[in-house]
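Structure first, commentary second.
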Amino acid sequence: MQNNEKWLIFKHNTRAYISLILFVAIFVFSLFSELISNDKPLIVKYKNNFYFPSIMEYSDAFFGGDFPTPADYSDDLIKNNINKNGWMIMPLIPYSFNTVDYHLDKSTPSAPDKSHWLGTDEEGRDVLARVLYGIRLSIIFAFLLTLVSSVIGIFIGAVQGYFGGKIDLIFQRVIEIWDSLPQLFILIIIASVFLPTFWGLLLILLLFSWTGLTSMVRAEFLRTRNFEYVKAAKVLGVGDFKIMFRHILPNALVTTVTFVPFIMAEAITALSALDFLGLGLPQDYPSLGDLVRQGKDNLHAPWIGITIFVVLSSLLSMLIFIGEGVRDVFDTRNTRR
């Protein structure tokens, strides 16, 4: 089936097509979070010179303040000095994910208003800013985890299925033992010893997520390794790994690609769950799971729980719909129609 035909089948699934457009648009929008939501101006004209605080850091004294610390552009002294000697352009949302609004005249978490469109959390940080940065963090984390775990799982499954015999038997026993390990307890032990970081948590989850595609790739290689074109390639002296990854793997990827959106959804869920339990990223990261925890702990502030429910359910639903659309593309019944 040609790529144009596959794309037409995918577009025919309206729900999957719209979900793909929305998901890509949200992700691209979140990539520019620093330009949309930031407590630093995009451009400052000060004494006939242009400065870019969102890219470079300037001190308080640089703009007429008294201290050598980083400038606080919400401070009245700094704002007045800049406005007297030029102007500045603030982002649409004048708060970053870790900006604490010390000018709030009500207790936190505060309800949505004209300054904070989705309210603030229990520490006085803007919920919309944390959602925007959190979406970017979650999608990038899920994409990297899915990519690396898929590469490892596909490679091991290919080796098992192609060579079979003792190699397959040994790998199968190792995978069975590995899958039987209590992942949550291991994560608790690791989190109690080391402070998890983005890359550290990615590595920890990678240890347990690579087995997802192994069985499917193994089954496909076991089925394909006895085909005539594979036997002919062996007779012609083609190397095993060249046969595996040039001739057999493209056929095996047809079944594995359909699971990629579902694996990404599982990765976002896993990251949010670990952050919710306090085993995930530190507090200085914008975390969707932390907003879930705050929504549970602050039932009197329903805007937090409602916001994070809508965000997470929408992201996961879009990924599930995209996965269903990709599955339809490789469905042979759709090919015949």
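Residue names in the structure tokens use chain letters A, B, ... in the order shown, residue numbers from 1 in each chain, and ligand numbers from 1 in the order shown.
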**Report entry** Exercise: A:Val44 partners within 7 Å, only C-alpha atoms, chain neighbours under 6 positions left out, as a list in words
**Finding:**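 Near neighbours after the sequence-gap exclusion: Phe50, Tyr51, Phe52, Trp87, Met88 and Ile89 of chain A.
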**Request:** Find the spatial neighbours of stretch 154-161 of chain A, counting only C-alpha atoms, within a cut-off of 10 Å - ignore same-chain residues fewer than 6 positions away - and output them as a ChimeraX atom specification.
**Result:** /A:148,167-172,210-225,240-241,244-245,248-249,252-253,256
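Comparing A:Phe198, A:Asn226, A:Leu207, A:Gly295 by their smallest distance to A:Ser149, the closest is A:Leu207 (using only C-alpha atoms).
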request  = May I have the residues within 6 Å of stretch 266-274 of chain A as an MDAnalysis selection string, using only C-alpha atoms and disregarding those fewer than 3 positions away in the same chain?
outcome  = chainID A and resid 138 142 263 277 279:280 288:289
Take the residues just selected and output them with all heavy atoms as an mmCIF file, in the first residue's frame.
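selection08.cif, written as the output of this step:
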data_model
loop_
_atom_site.group_PDB
_atom_site.id
_atom_site.type_symbol
_atom_site.label_atom_id
_atom_site.label_comp_id
_atom_site.auth_asym_id
_atom_site.auth_seq_id
_atom_site.Cartn_x
_atom_site.Cartn_y
_atom_site.Cartn_z
ATOM 1 N N SER A 138 6.196 16.789 29.717
ATOM 2 C CA SER A 138 5.618 15.444 29.665
ATOM 3 C C SER A 138 5.734 14.833 28.275
ATOM 4 O O SER A 138 6.064 13.654 28.139
ATOM 5 C CB SER A 138 4.150 15.496 30.098
ATOM 6 O OG SER A 138 4.031 15.933 31.435
ATOM 7 N N ALA A 142 7.922 11.627 27.367
ATOM 8 C CA ALA A 142 7.261 10.445 26.800
ATOM 9 C C ALA A 142 7.865 10.075 25.451
ATOM 10 O O ALA A 142 8.046 8.884 25.148
ATOM 11 C CB ALA A 142 5.761 10.704 26.660
ATOM 12 N N ILE A 263 2.198 3.607 23.799
ATOM 13 C CA ILE A 263 3.360 3.616 24.693
ATOM 14 C C ILE A 263 3.611 5.026 25.209
ATOM 15 O O ILE A 263 3.951 5.232 26.381
ATOM 16 C CB ILE A 263 4.596 3.059 23.970
ATOM 17 C CG1 ILE A 263 4.377 1.598 23.570
ATOM 18 C CG2 ILE A 263 5.835 3.175 24.841
ATOM 19 C CD1 ILE A 263 5.500 1.014 22.735
ATOM 20 N N LEU A 277 2.915 10.701 43.456
ATOM 21 C CA LEU A 277 3.319 9.959 44.644
ATOM 22 C C LEU A 277 4.541 10.554 45.328
ATOM 23 O O LEU A 277 4.944 10.090 46.398
ATOM 24 C CB LEU A 277 3.608 8.503 44.272
ATOM 25 C CG LEU A 277 2.417 7.683 43.759
ATOM 26 C CD1 LEU A 277 2.889 6.326 43.256
ATOM 27 C CD2 LEU A 277 1.370 7.515 44.854
ATOM 28 N N LEU A 279 7.570 10.494 43.995
ATOM 29 C CA LEU A 279 8.737 9.704 43.606
ATOM 30 C C LEU A 279 9.329 10.165 42.288
ATOM 31 O O LEU A 279 10.256 9.536 41.779
ATOM 32 C CB LEU A 279 8.354 8.221 43.490
ATOM 33 C CG LEU A 279 7.721 7.595 44.726
ATOM 34 C CD1 LEU A 279 7.273 6.175 44.418
ATOM 35 C CD2 LEU A 279 8.698 7.602 45.881
ATOM 36 N N GLY A 280 8.781 11.240 41.732
ATOM 37 C CA GLY A 280 9.203 11.675 40.413
ATOM 38 C C GLY A 280 10.156 12.859 40.462
ATOM 39 O O GLY A 280 11.096 12.887 41.260
ATOM 40 N N LEU A 288 2.929 17.916 35.733
ATOM 41 C CA LEU A 288 1.481 17.718 35.721
ATOM 42 C C LEU A 288 1.052 16.852 36.892
ATOM 43 O O LEU A 288 -0.031 17.043 37.454
ATOM 44 C CB LEU A 288 1.055 17.075 34.401
ATOM 45 C CG LEU A 288 1.325 17.887 33.124
ATOM 46 C CD1 LEU A 288 0.825 17.130 31.900
ATOM 47 C CD2 LEU A 288 0.674 19.259 33.194
ATOM 48 N N GLY A 289 1.905 15.908 37.276
ATOM 49 C CA GLY A 289 1.581 15.057 38.413
ATOM 50 C C GLY A 289 1.510 15.832 39.712
ATOM 51 O O GLY A 289 0.699 15.524 40.598
#
Atom CA of A:Gln294 to atom CA of A:Val310 measures 14.8 Å
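Proximity of A:Val127, A:Leu319, A:Tyr162, A:Glu5 to A:Ile243, computed with only C-alpha atoms, is greatest for A:Tyr162.
Note that atom CA of A:Ile135 and atom CA of A:Ser317 are 14.2 Å apart.
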Among stretch 9-118 of chain A, which residues does DSSP mark as alpha helix (DSSP H) when it is run on the backbone? Keep the chain and numbering as in the structure and answer as a PyMOL selection string. chain A and resi 9-12+14-31+33-36+76-85
Okay, now the selection with N, CA, C and O atoms, as a tab-separated table (two decimals), in the first residue's frame?
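Ended up saving to selection05.tsv:
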chain	number	residue	atom	x	y	z
A	9	ILE	N	-6.41	6.75	4.35
A	9	ILE	CA	-7.11	5.92	5.33
A	9	ILE	C	-7.07	6.58	6.71
A	9	ILE	O	-8.07	6.60	7.43
A	10	PHE	N	-5.92	7.16	7.05
A	10	PHE	CA	-5.82	7.84	8.35
A	10	PHE	C	-6.73	9.05	8.40
A	10	PHE	O	-7.41	9.29	9.40
A	11	LYS	N	-6.77	9.84	7.32
A	11	LYS	CA	-7.64	11.02	7.30
A	11	LYS	C	-9.11	10.63	7.34
A	11	LYS	O	-9.94	11.40	7.83
A	12	HIS	N	-9.41	9.46	6.82
A	12	HIS	CA	-10.81	9.01	6.83
A	12	HIS	C	-11.30	8.81	8.27
A	12	HIS	O	-12.49	8.95	8.54
A	14	THR	N	-11.80	10.51	11.12
A	14	THR	CA	-11.84	11.93	11.47
A	14	THR	C	-11.36	12.18	12.89
A	14	THR	O	-10.64	13.15	13.16
A	15	ARG	N	-11.74	11.31	13.79
A	15	ARG	CA	-11.34	11.49	15.19
A	15	ARG	C	-9.83	11.44	15.35
A	15	ARG	O	-9.24	12.26	16.06
A	16	ALA	N	-9.18	10.49	14.68
A	16	ALA	CA	-7.72	10.38	14.76
A	16	ALA	C	-7.03	11.54	14.07
A	16	ALA	O	-6.03	12.08	14.57
A	17	TYR	N	-7.57	11.96	12.94
A	17	TYR	CA	-6.96	13.06	12.17
A	17	TYR	C	-7.01	14.36	12.96
A	17	TYR	O	-6.01	15.08	13.06
A	18	ILE	N	-8.16	14.67	13.54
A	18	ILE	CA	-8.30	15.90	14.34
A	18	ILE	C	-7.42	15.81	15.59
A	18	ILE	O	-6.79	16.81	15.99
A	19	SER	N	-7.34	14.63	16.20
A	19	SER	CA	-6.50	14.46	17.38
A	19	SER	C	-5.03	14.70	17.05
A	19	SER	O	-4.30	15.31	17.84
A	20	LEU	N	-4.59	14.22	15.89
A	20	LEU	CA	-3.20	14.43	15.48
A	20	LEU	C	-2.91	15.92	15.31
A	20	LEU	O	-1.88	16.42	15.77
A	21	ILE	N	-3.82	16.63	14.64
A	21	ILE	CA	-3.62	18.07	14.42
A	21	ILE	C	-3.57	18.81	15.75
A	21	ILE	O	-2.69	19.64	15.99
A	22	LEU	N	-4.49	18.48	16.65
A	22	LEU	CA	-4.54	19.16	17.95
A	22	LEU	C	-3.30	18.84	18.77
A	22	LEU	O	-2.71	19.73	19.41
A	23	PHE	N	-2.89	17.57	18.78
A	23	PHE	CA	-1.74	17.17	19.58
A	23	PHE	C	-0.47	17.87	19.08
A	23	PHE	O	0.31	18.39	19.90
A	24	VAL	N	-0.27	17.89	17.78
A	24	VAL	CA	0.92	18.55	17.22
A	24	VAL	C	0.87	20.05	17.51
A	24	VAL	O	1.88	20.67	17.87
A	25	ALA	N	-0.32	20.66	17.36
A	25	ALA	CA	-0.46	22.10	17.60
A	25	ALA	C	-0.15	22.43	19.07
A	25	ALA	O	0.55	23.41	19.36
A	26	ILE	N	-0.67	21.62	19.99
A	26	ILE	CA	-0.41	21.86	21.41
A	26	ILE	C	1.07	21.71	21.73
A	26	ILE	O	1.65	22.52	22.47
A	27	PHE	N	1.70	20.69	21.17
A	27	PHE	CA	3.12	20.48	21.43
A	27	PHE	C	3.97	21.62	20.86
A	27	PHE	O	4.88	22.13	21.54
A	28	VAL	N	3.69	22.02	19.63
A	28	VAL	CA	4.45	23.12	19.02
A	28	VAL	C	4.23	24.40	19.82
A	28	VAL	O	5.18	25.18	20.06
A	29	PHE	N	2.99	24.64	20.25
A	29	PHE	CA	2.69	25.82	21.06
A	29	PHE	C	3.49	25.80	22.36
A	29	PHE	O	4.03	26.81	22.80
A	30	SER	N	3.61	24.63	22.97
A	30	SER	CA	4.33	24.51	24.25
A	30	SER	C	5.83	24.69	24.08
A	30	SER	O	6.53	25.03	25.04
A	31	LEU	N	6.35	24.44	22.88
A	31	LEU	CA	7.79	24.61	22.64
A	31	LEU	C	8.22	26.06	22.79
A	31	LEU	O	9.39	26.34	23.04
A	33	SER	N	7.14	28.11	25.12
A	33	SER	CA	6.62	28.50	26.43
A	33	SER	C	7.32	29.73	26.97
A	33	SER	O	6.69	30.60	27.59
A	34	GLU	N	8.65	29.83	26.77
A	34	GLU	CA	9.38	30.98	27.30
A	34	GLU	C	8.94	32.28	26.66
A	34	GLU	O	9.09	33.35	27.27
A	35	LEU	N	8.43	32.21	25.41
A	35	LEU	CA	7.97	33.43	24.74
A	35	LEU	C	6.51	33.75	25.06
A	35	LEU	O	6.07	34.87	24.84
A	36	ILE	N	5.78	32.76	25.57
A	36	ILE	CA	4.36	32.95	25.86
A	36	ILE	C	4.14	33.21	27.33
A	36	ILE	O	3.31	34.06	27.71
A	76	ASP	N	8.42	47.49	41.31
A	76	ASP	CA	8.01	48.82	40.84
A	76	ASP	C	9.21	49.69	40.49
A	76	ASP	O	9.17	50.46	39.52
A	77	LEU	N	10.31	49.58	41.27
A	77	LEU	CA	11.49	50.39	40.99
A	77	LEU	C	12.07	50.05	39.63
A	77	LEU	O	12.39	50.96	38.83
A	78	ILE	N	12.21	48.78	39.33
A	78	ILE	CA	12.77	48.36	38.04
A	78	ILE	C	11.84	48.77	36.91
A	78	ILE	O	12.29	49.28	35.87
A	79	LYS	N	10.53	48.56	37.09
A	79	LYS	CA	9.58	48.92	36.04
A	79	LYS	C	9.61	50.43	35.78
A	79	LYS	O	9.59	50.86	34.61
A	80	ASN	N	9.65	51.22	36.81
A	80	ASN	CA	9.66	52.68	36.63
A	80	ASN	C	10.95	53.15	35.96
A	80	ASN	O	10.92	54.02	35.08
A	81	ASN	N	12.08	52.55	36.34
A	81	ASN	CA	13.35	52.93	35.71
A	81	ASN	C	13.36	52.60	34.23
A	81	ASN	O	13.84	53.39	33.40
A	82	ILE	N	12.83	51.43	33.89
A	82	ILE	CA	12.81	51.04	32.47
A	82	ILE	C	11.86	51.93	31.70
A	82	ILE	O	12.17	52.39	30.59
A	83	ASN	N	10.68	52.19	32.25
A	83	ASN	CA	9.69	53.02	31.54
A	83	ASN	C	10.15	54.47	31.40
A	83	ASN	O	9.78	55.15	30.43
A	84	LYS	N	10.95	54.97	32.34
A	84	LYS	CA	11.48	56.33	32.23
A	84	LYS	C	12.55	56.44	31.15
A	84	LYS	O	12.72	57.49	30.53
A	85	ASN	N	13.26	55.36	30.94
A	85	ASN	CA	14.38	55.38	30.00
A	85	ASN	C	14.13	54.55	28.75
A	85	ASN	O	15.06	54.26	28.01
Quick one: DSSP strand (DSSP E) residues in stretch 10-149 of chain A, as a list in words? Ile43, Val44, Lys45, Tyr46, Asn49, Phe50, Tyr51, Gly86, Trp87, Met88 and Ile89 of chain A
Restricting the output to C-alpha atoms, write the selected residues as a PDB file, in the first residue's frame.
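The result, stored in selection_25.pdb:
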ATOM      1  CA  ILE A  43      12.441  42.920  24.688  1.00  0.00           C
ATOM      2  CA  VAL A  44      13.641  45.867  26.766  1.00  0.00           C
ATOM      3  CA  LYS A  45      14.693  49.221  25.347  1.00  0.00           C
ATOM      4  CA  TYR A  46      16.743  50.942  28.034  1.00  0.00           C
ATOM      5  CA  ASN A  49      19.875  50.051  23.799  1.00  0.00           C
ATOM      6  CA  PHE A  50      17.923  46.843  23.266  1.00  0.00           C
ATOM      7  CA  TYR A  51      18.113  43.923  25.679  1.00  0.00           C
ATOM      8  CA  GLY A  86      12.580  53.309  27.378  1.00  0.00           C
ATOM      9  CA  TRP A  87       9.999  50.515  27.345  1.00  0.00           C
ATOM     10  CA  MET A  88       9.596  46.770  27.699  1.00  0.00           C
ATOM     11  CA  ILE A  89       7.322  44.117  26.180  1.00  0.00           C
TER      12      ILE A  89
END
Q: To one decimal in Å, tell me the separation between atom CA of A:Phe259 and atom CA of A:Phe163.
A: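 We find that atom CA of A:Phe259 and atom CA of A:Phe163 lie 24.3 Å from each other.
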**Message:** Just checking: using only C-alpha atoms, which residue out of A:Pro109, A:Gly153, A:Pro282, A:Gly237 ends up closest to A:Glu123?
**Reply:**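 Checking each candidate against A:Glu123, we get A:Pro109 as the closest.
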* Could you pull the residues within 9 Å of A:Asp60, counting only C-alpha atoms, minus those fewer than 5 positions along the same chain, as a PyMOL selection string? -> chain A and resi 65-73+78
Given the selection you just returned, output its residues as a file containing N, CA, C and O atoms, formatted as a PDB file, in the first residue's frame.
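The new file result-v7.pdb reads:
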ATOM      1  N   GLY A  65      18.660  49.372  39.940  1.00  0.00           N
ATOM      2  CA  GLY A  65      18.338  48.853  41.260  1.00  0.00           C
ATOM      3  C   GLY A  65      19.517  48.950  42.207  1.00  0.00           C
ATOM      4  O   GLY A  65      20.536  49.591  41.913  1.00  0.00           O
ATOM      5  N   ASP A  66      19.391  48.308  43.347  1.00  0.00           N
ATOM      6  CA  ASP A  66      20.413  48.417  44.384  1.00  0.00           C
ATOM      7  C   ASP A  66      21.234  47.147  44.575  1.00  0.00           C
ATOM      8  O   ASP A  66      22.235  47.177  45.306  1.00  0.00           O
ATOM      9  N   PHE A  67      20.845  46.044  43.965  1.00  0.00           N
ATOM     10  CA  PHE A  67      21.478  44.764  44.277  1.00  0.00           C
ATOM     11  C   PHE A  67      22.053  44.122  43.015  1.00  0.00           C
ATOM     12  O   PHE A  67      21.567  44.351  41.890  1.00  0.00           O
ATOM     13  N   PRO A  68      23.090  43.283  43.192  1.00  0.00           N
ATOM     14  CA  PRO A  68      23.666  42.585  42.037  1.00  0.00           C
ATOM     15  C   PRO A  68      22.925  41.302  41.678  1.00  0.00           C
ATOM     16  O   PRO A  68      23.380  40.517  40.838  1.00  0.00           O
ATOM     17  N   THR A  69      21.801  41.056  42.307  1.00  0.00           N
ATOM     18  CA  THR A  69      21.016  39.849  42.045  1.00  0.00           C
ATOM     19  C   THR A  69      20.252  39.991  40.724  1.00  0.00           C
ATOM     20  O   THR A  69      20.106  41.099  40.202  1.00  0.00           O
ATOM     21  N   PRO A  70      19.742  38.873  40.177  1.00  0.00           N
ATOM     22  CA  PRO A  70      18.957  38.964  38.933  1.00  0.00           C
ATOM     23  C   PRO A  70      17.780  39.918  39.084  1.00  0.00           C
ATOM     24  O   PRO A  70      17.137  39.983  40.136  1.00  0.00           O
ATOM     25  N   ALA A  71      17.498  40.667  38.046  1.00  0.00           N
ATOM     26  CA  ALA A  71      16.457  41.692  38.079  1.00  0.00           C
ATOM     27  C   ALA A  71      15.084  41.071  38.238  1.00  0.00           C
ATOM     28  O   ALA A  71      14.769  40.049  37.625  1.00  0.00           O
ATOM     29  N   ASP A  72      14.265  41.719  39.065  1.00  0.00           N
ATOM     30  CA  ASP A  72      12.867  41.326  39.247  1.00  0.00           C
ATOM     31  C   ASP A  72      12.023  42.350  38.491  1.00  0.00           C
ATOM     32  O   ASP A  72      11.846  43.488  38.952  1.00  0.00           O
ATOM     33  N   TYR A  73      11.500  41.956  37.348  1.00  0.00           N
ATOM     34  CA  TYR A  73      10.813  42.902  36.474  1.00  0.00           C
ATOM     35  C   TYR A  73       9.399  43.215  36.939  1.00  0.00           C
ATOM     36  O   TYR A  73       8.718  44.029  36.321  1.00  0.00           O
ATOM     37  N   ILE A  78      12.207  48.785  39.335  1.00  0.00           N
ATOM     38  CA  ILE A  78      12.766  48.358  38.044  1.00  0.00           C
ATOM     39  C   ILE A  78      11.839  48.767  36.907  1.00  0.00           C
ATOM     40  O   ILE A  78      12.289  49.282  35.870  1.00  0.00           O
TER      41      ILE A  78
END
